[in-house]
$ cat coords27.txt   # compact mmCIF, C-alpha atoms
# COMPACT_ATOMS: atom_id res chain seq x y z
CA MET A 1084 27.66 122.68 24.11
CA HIS A 1085 25.50 125.07 25.96
CA SER A 1086 22.77 122.81 27.24
CA PHE A 1087 22.27 119.35 28.68
CA GLY A 1088 20.52 118.16 25.53
CA TYR A 1089 23.28 119.50 23.27
CA ARG A 1090 26.01 117.73 25.20
CA LEU A 1091 24.07 114.49 25.45
CA ASN A 1092 23.40 114.50 21.71
CA GLY A 1093 27.04 115.25 20.95
CA LEU A 1094 28.19 112.45 23.21
CA LEU A 1095 25.85 109.89 21.69
CA THR A 1096 26.71 110.83 18.12
CA PHE A 1097 30.44 110.77 18.67
CA SER A 1098 30.38 107.54 20.66
CA VAL A 1099 28.38 105.73 17.97
CA THR A 1100 30.70 107.00 15.22
CA ILE A 1101 33.69 105.72 17.17
CA LEU A 1102 31.90 102.40 17.65
CA ALA A 1103 31.50 102.07 13.89
CA ILE A 1104 35.22 102.70 13.42
CA MET A 1105 36.06 100.11 16.09
CA CYS A 1106 33.94 97.53 14.28
CA ALA A 1107 35.66 98.30 10.99
CA ILE A 1108 39.09 97.83 12.56
CA THR A 1109 37.92 94.61 14.19
CA SER A 1110 36.86 93.25 10.84
CA LEU A 1111 40.17 94.24 9.29
CA SER A 1112 41.99 92.38 12.05
CA ASP A 1113 40.51 89.15 10.68
CA ASN A 1114 42.89 89.43 7.74
CA LEU A 1115 45.80 88.84 10.09
CA ASN A 1116 44.59 85.31 10.71
CA THR A 1117 46.22 82.58 8.54
CA PRO A 1118 44.04 79.49 8.82
CA SER A 1119 45.16 75.92 8.15
CA PRO A 1120 42.06 73.74 7.97
CA SER A 1121 42.01 70.07 7.05
CA ALA A 1122 39.25 67.66 6.11
CA GLU A 1123 38.64 64.13 4.93
CA ILE A 1124 35.52 62.52 3.50
CA GLN A 1125 35.08 58.78 2.98
CA VAL A 1126 32.15 57.37 1.09
CA MET A 1127 31.34 54.34 3.22
CA ASN A 1128 28.49 52.98 1.15
CA ILE A 1129 26.25 53.66 -1.80
CA ASN A 1130 22.90 52.81 -0.23
CA TRP A 1131 20.95 52.81 -3.49
CA PHE A 1132 21.30 54.15 -7.01
CA GLN A 1133 18.12 54.34 -9.03
CA LYS A 1134 16.57 56.04 -12.01
CA GLN A 1135 13.46 58.01 -11.04
CA PRO A 1136 10.20 57.74 -12.99
CA GLN A 1137 10.88 61.19 -14.53
CA GLY A 1138 14.16 59.94 -15.89
CA ASN A 1139 16.61 61.52 -13.46
CA ASP A 1140 19.22 59.53 -11.60
CA GLU A 1141 19.11 59.55 -7.82
CA VAL A 1142 21.67 58.22 -5.36
CA SER A 1143 21.81 57.88 -1.61
CA LEU A 1144 25.18 57.52 0.05
CA THR A 1145 26.63 57.29 3.54
CA MET A 1146 29.70 59.35 4.30
CA ASN A 1147 32.23 59.65 7.04
CA ILE A 1148 33.19 63.34 7.34
CA SER A 1149 36.03 64.40 9.60
CA ALA A 1150 37.56 67.87 9.75
CA ASP A 1151 39.67 70.19 11.85
CA LEU A 1152 38.52 73.75 11.24
CA GLN A 1153 39.66 75.28 14.52
CA THR A 1154 42.18 77.66 12.95
CA LEU A 1155 39.38 79.42 11.07
CA PHE A 1156 37.98 80.89 14.30
CA THR A 1157 39.06 84.39 15.38
CA TRP A 1158 37.85 86.65 18.19
CA ASN A 1159 35.45 88.14 15.66
CA THR A 1160 33.86 84.86 14.52
CA LYS A 1161 30.22 84.24 15.33
CA GLN A 1162 29.89 80.82 13.70
CA LEU A 1163 31.01 78.71 10.78
CA PHE A 1164 28.59 77.47 8.12
CA ILE A 1165 29.93 74.41 6.33
CA PHE A 1166 28.51 72.20 3.61
CA VAL A 1167 29.61 69.25 1.51
CA ALA A 1168 28.88 69.40 -2.20
CA ALA A 1169 29.35 66.80 -4.92
CA GLU A 1170 30.78 68.25 -8.13
CA TYR A 1171 30.84 66.58 -11.51
CA LYS A 1172 30.65 67.32 -15.23
CA THR A 1173 27.93 66.23 -17.65
CA PRO A 1174 27.44 66.83 -21.38
CA LYS A 1175 24.60 69.23 -20.55
CA ASN A 1176 26.34 71.20 -17.73
CA SER A 1177 30.04 71.93 -17.45
CA LEU A 1178 29.68 72.01 -13.66
CA ASN A 1179 27.07 70.40 -11.45
CA GLN A 1180 27.17 71.16 -7.73
CA VAL A 1181 24.82 69.27 -5.48
CA SER A 1182 24.74 70.08 -1.78
CA LEU A 1183 24.61 66.88 0.27
CA TRP A 1184 25.02 67.94 3.88
CA ASP A 1185 25.50 71.12 5.92
CA ALA A 1186 26.02 72.19 9.50
CA ILE A 1187 26.61 75.22 11.67
CA ILE A 1188 29.62 75.16 13.96
CA PRO A 1189 28.98 77.63 16.80
CA SER A 1190 32.36 77.67 18.51
CA LYS A 1191 35.99 76.66 18.24
CA GLU A 1192 35.53 73.63 20.47
CA HIS A 1193 33.02 72.14 18.03
CA ALA A 1194 35.23 72.77 15.01
CA LYS A 1195 37.19 69.53 15.25
CA PHE A 1196 34.66 66.82 14.52
CA TRP A 1197 33.83 63.47 12.98
CA ILE A 1198 30.41 62.51 11.70
CA HIS A 1199 28.97 59.39 10.11
CA THR A 1200 25.89 60.34 8.12
CA SER A 1201 23.84 59.71 5.03
CA ASN A 1202 23.23 62.65 2.72
CA LYS A 1203 20.92 65.22 4.31
CA TYR A 1204 19.67 66.47 0.98
CA ARG A 1205 18.67 64.36 -2.00
CA PHE A 1206 21.25 63.80 -4.66
CA VAL A 1207 19.32 64.00 -7.96
CA ASP A 1208 20.93 64.54 -11.33
CA GLN A 1209 19.53 66.54 -14.23
CA GLY A 1210 19.31 63.54 -16.45
CA ASN A 1211 20.79 60.06 -16.19
CA ASN A 1212 24.51 60.67 -16.34
CA LEU A 1213 25.73 59.25 -13.09
CA ARG A 1214 26.57 55.67 -14.00
CA GLY A 1215 30.31 55.27 -13.75
CA LYS A 1216 30.75 59.02 -13.35
CA GLU A 1217 33.72 60.44 -11.46
CA PHE A 1218 32.98 63.21 -8.97
CA ASN A 1219 34.67 65.45 -6.40
CA LEU A 1220 33.43 66.10 -2.89
CA THR A 1221 34.17 69.61 -1.71
CA LEU A 1222 33.86 70.90 1.84
CA HIS A 1223 32.91 74.60 1.73
CA TRP A 1224 32.96 76.89 4.74
CA HIS A 1225 31.68 80.41 5.38
CA VAL A 1226 33.28 82.17 8.34
CA MET A 1227 30.47 84.39 9.62
CA PRO A 1228 31.83 87.33 11.64
CA LYS A 1229 30.36 89.16 14.60
CA THR A 1230 30.96 92.36 12.63
CA GLY A 1231 32.28 93.03 9.15
CA LYS A 1232 33.41 90.87 6.24
CA MET A 1233 32.51 87.20 5.75
CA PHE A 1234 35.17 84.90 4.37
CA ALA A 1235 34.43 81.77 2.35
CA ASP A 1236 36.73 79.03 1.08
CA LYS A 1237 36.79 75.32 0.37
CA ILE A 1238 38.77 72.07 0.20
CA VAL A 1239 38.36 69.89 -2.89
CA LEU A 1240 38.68 66.11 -2.44
CA THR A 1241 38.91 64.11 -5.62
CA GLY A 1242 38.75 60.48 -6.62
CA TYR A 1243 35.17 59.42 -5.99
CA SER A 1244 33.02 57.63 -8.57
CA PHE A 1245 29.62 56.05 -8.98
CA PRO A 1246 29.02 52.41 -9.71
CA GLU A 1247 28.60 51.33 -13.33
CA GLU A 1248 25.12 49.88 -12.83
CA TYR A 1249 22.00 50.83 -10.89
CA ARG A 1250 21.48 49.13 -7.53
CA MET B 577 10.70 151.56 24.87
CA LYS B 578 12.79 148.67 23.99
CA GLU B 579 14.13 148.47 20.43
CA GLY B 580 14.19 144.71 20.39
CA ARG B 581 15.50 141.76 22.34
CA SER B 582 18.97 142.34 23.57
CA LEU B 583 21.46 139.64 24.39
CA SER B 584 21.12 140.23 28.07
CA ASP B 585 17.41 139.41 27.88
CA ILE B 586 18.03 136.12 26.14
CA PHE B 587 20.72 134.99 28.50
CA SER B 588 18.70 135.88 31.55
CA LEU B 589 16.53 132.90 30.61
CA PHE B 590 19.42 130.65 31.43
CA ALA B 591 19.46 131.88 34.99
CA SER B 592 16.36 129.81 35.73
CA PRO B 593 17.01 126.53 37.57
CA LEU B 594 15.54 124.41 34.77
CA HIS B 595 18.49 125.00 32.47
CA PHE B 596 21.75 123.13 32.92
CA HIS B 597 24.12 125.76 31.63
CA MET B 598 27.86 126.12 31.82
CA ASP B 599 29.97 129.15 31.22
CA TRP B 600 31.94 129.42 27.98
CA GLN B 601 35.20 128.12 29.37
CA GLY B 602 33.28 125.24 30.91
CA GLN B 603 31.69 124.33 27.61
CA LYS B 604 35.06 124.23 25.88
CA LEU B 605 36.46 122.09 28.67
CA ALA B 606 33.47 119.74 28.56
CA GLU B 607 33.85 119.21 24.83
CA GLN B 608 37.58 118.51 25.10
CA ILE B 609 37.12 116.09 27.98
CA MET B 610 34.34 114.30 26.11
CA GLN B 611 36.33 113.81 22.91
CA ILE B 612 39.48 112.66 24.66
CA MET B 613 37.70 110.30 27.04
CA LEU B 614 35.70 108.65 24.26
CA LEU B 615 38.78 108.08 22.13
CA VAL B 616 40.76 106.72 25.05
CA SER B 617 37.89 104.39 26.01
CA ALA B 618 37.76 103.10 22.46
CA VAL B 619 41.49 102.40 22.34
CA ILE B 620 41.52 100.66 25.72
CA ALA B 621 38.43 98.64 24.79
CA PHE B 622 39.88 97.49 21.47
CA VAL B 623 43.23 96.52 22.94
CA ALA B 624 41.58 94.65 25.82
CA GLY B 625 39.25 92.80 23.45
CA TYR B 626 42.00 91.90 20.99
CA VAL B 627 44.45 90.69 23.59
CA LEU B 628 41.85 88.63 25.47
CA GLY B 629 40.29 87.41 22.22
CA SER B 630 36.82 88.44 23.33
CA PHE B 631 34.45 90.68 21.41
CA GLN B 632 32.23 90.92 24.46
CA VAL B 633 35.04 92.36 26.57
CA MET B 634 35.59 95.10 24.02
CA MET B 635 31.90 96.03 23.99
CA ILE B 636 31.57 96.07 27.77
CA VAL B 637 34.70 98.13 28.36
CA TYR B 638 33.61 100.63 25.71
CA ALA B 639 30.09 100.90 27.15
CA GLY B 640 31.62 101.55 30.56
CA GLY B 641 33.82 104.27 29.09
CA VAL B 642 30.88 105.97 27.38
CA THR B 643 28.85 105.92 30.60
CA LEU B 644 31.73 107.36 32.60
CA THR B 645 32.22 110.11 30.01
CA ALA B 646 28.52 110.91 30.12
CA LEU B 647 28.56 111.22 33.90
CA ILE B 648 31.52 113.59 33.82
CA THR B 649 30.79 115.85 30.86
CA VAL B 650 27.03 116.10 30.44
CA PRO B 651 25.73 117.47 33.75
CA ASN B 652 26.98 120.94 34.65
CA TRP B 653 29.26 120.21 37.54
CA PRO B 654 30.62 123.18 39.52
CA PHE B 655 34.09 122.92 38.01
CA PHE B 656 32.55 123.82 34.66
CA ASN B 657 31.45 127.16 36.09
CA HIS B 658 34.68 128.67 37.38
CA HIS B 659 34.65 131.51 34.85
CA PRO B 660 31.16 132.88 34.88
CA LEU B 661 30.33 135.96 32.85
CA ASN B 662 28.53 138.56 34.94
CA TRP B 663 25.93 140.24 32.79
CA LEU B 664 24.95 143.78 33.72
CA ASP B 665 21.70 144.09 35.64
CA PRO B 666 18.94 145.64 33.42
CA SER B 667 18.15 148.42 35.89
CA GLU B 668 21.84 149.37 35.98
CA ALA B 669 22.06 149.29 32.19
CA GLU B 670 19.32 151.91 31.82
CA LYS B 671 21.38 154.39 33.81
CA HIS B 672 24.02 154.34 31.09
CA PRO B 673 22.30 155.05 27.78
CA LYS B 674 23.78 153.50 24.65
CA PRO B 675 25.66 155.88 22.40
CA GLN B 676 23.49 157.15 19.50
CA VAL B 677 24.83 157.26 15.98
CA THR B 678 24.38 160.81 14.64
CA VAL B 679 22.83 160.75 11.18
CA SER B 680 23.26 163.94 9.15
CA SER B 681 20.16 164.32 6.98
CA LYS B 682 19.70 166.95 4.23
CA LYS B 683 15.96 167.04 4.72
CA LYS B 684 15.75 167.98 8.36
CA GLY B 685 18.07 168.87 11.15
CA SER B 686 19.10 166.12 13.50
CA LYS B 687 16.37 165.48 15.99
CA LYS B 688 16.41 163.21 19.05

$ encode --input "coords27.txt" --output "structure tokens"
Amino acid sequence: MHSFGYRLNGLLTFSVTILAIMCAITSLSDNLNTPSPSAEIQVMNINWFQKQPQGNDEVSLTMNISADLQTLFTWNTKQLFIFVAAEYKTPKNSLNQVSLWDAIIPSKEHAKFWIHTSNKYRFVDQGNNLRGKEFNLTLHWHVMPKTGKMFADKIVLTGYSFPEEYR
Amino acid sequence: MKEGRSLSDIFSLFASPLHFHMDWQGQKLAEQIMQIMLLVSAVIAFVAGYVLGSFQVMMIVYAGGVTLTALITVPNWPFFNHHPLNWLDPSEAEKHPKPQVTVSSKKKGSKK
């Protein structure tokens, strides 16, 4: 520690190391949070249900999505990325997951919401299996931290099905 | 004739005003103060941030602590120089010659 430069370097190195440790502890503190989110999705209307020229089924639907995700936010949360996916089984694939809508929730105040929307992304099957098919709608969320580990989880809502005939 | 650089020559460089030097006790004190202050700033910053639920508070308090520590420990304040070591002046040192090690050689008698 015998010169200005030596002491300055030592201070900067030590302070940055301690900062890294503080960030690690902050991320670990996220595990203390026990969230209790809730969500509900209603399919208001099947707008149309057609078979494309290539042979794949396509559907457009309007949904009413309401959720309360406020308990997912901690002091270390930057934002929440959420998306709604339709899940169903076909003879070709044991699981099909099609993302229909997503959003970024920037703060706790915005985490309790209600939205009436048609699907943001096209719902196209690999094949023509959708007539009369039962499917689940799952709301996934990714809790993106300011520093450290990202948590992801979901709610599965069952009981939805397609019409028997094309419209 | 000088045999080589002696310690007193090297340290006389530090007497120039361009070097921010502290005495040995001062250096030890500076290091201790620096480590303790940084750790304490970190603890206070984390607790403040956690209790108030604000990451920004934690960062600002910590940055303030680091700046304060830098202001106290990096420049050589007078209180870091309370135990200076007084090196012997070179002209004084020449009056007291260093003791020679007598080497007994079989080839020749000891010569100075």

$ closest_residue --input "coords27.txt" --among "B:Leu605, B:Leu664, B:Met610, B:Ala624" --to "Thr645 (chain B)" --atoms "only C-alpha atoms"
B:Met610

$ interface_residues --input "coords27.txt" --of "chain B" --to "chain A" --cutoff "6 Å" --atoms "only C-alpha atoms" --output "list in words"
Phe596, His597, Gln603, Gly629, Ser630 and Val650 of chain B

$ residues_around --input "coords27.txt" --residues "Glu1170 (chain A)" --least-positions-apart "2" --cutoff "6 Å" --atoms "all atoms listed in the file" --output "PyMOL selection string"
chain A and resi 1179-1180+1218-1219

$ atom_distance --input "coords27.txt" --atom1 "CA of Trp1131 (chain A)" --atom2 "CA of Tyr1243 (chain A)"
15.9 Å

$ residues_near_point --input "coords27.txt" --point "(25.7, 58.4, -13.6)" --cutoff "8 Å" --atoms "only C-alpha atoms" --output "short mmCIF file (atom, residue, chain, number, x, y, z; two decimals) with C-alpha atoms, in the coordinates of the input"
data_model
loop_
_atom_site.label_atom_id
_atom_site.label_comp_id
_atom_site.auth_asym_id
_atom_site.auth_seq_id
_atom_site.Cartn_x
_atom_site.Cartn_y
_atom_site.Cartn_z
CA ASP A 1140 19.22 59.53 -11.60
CA ASN A 1211 20.79 60.06 -16.19
CA ASN A 1212 24.51 60.67 -16.34
CA LEU A 1213 25.73 59.25 -13.09
CA ARG A 1214 26.57 55.67 -14.00
CA GLY A 1215 30.31 55.27 -13.75
CA LYS A 1216 30.75 59.02 -13.35
CA PHE A 1245 29.62 56.05 -8.98
CA PRO A 1246 29.02 52.41 -9.71
CA GLU A 1247 28.60 51.33 -13.33
#

$ atom_distance --input "coords27.txt" --atom1 "CA of Ile1198 (chain A)" --atom2 "CA of Ala1169 (chain A)"
17.2 Å

$ residues_around --input "coords27.txt" --residues "region 1145-1147 of chain A" --least-positions-apart "2" --cutoff "8 Å" --atoms "all atoms listed in the file" --output "PyMOL selection string"
chain A and resi 1124-1130+1143+1149+1197-1202

$ residues_near_point --input "coords27.txt" --point "(36.6, 101.8, 19.0)" --cutoff "12 Å" --atoms "only C-alpha atoms" --output "PyMOL selection string"
(chain A and resi 1097-1110) or (chain B and resi 613-626+631+634-639+641-642)

$ atom_distance --input "coords27.txt" --atom1 "CA of Val1207 (chain A)" --atom2 "CA of Val1181 (chain A)"
8.0 Å

$ closest_residue --input "coords27.txt" --among "A:Gly1231, A:Ile1187, A:Lys1195, A:Leu1155" --to "Ala1122 (chain A)" --atoms "all atoms listed in the file"
A:Lys1195
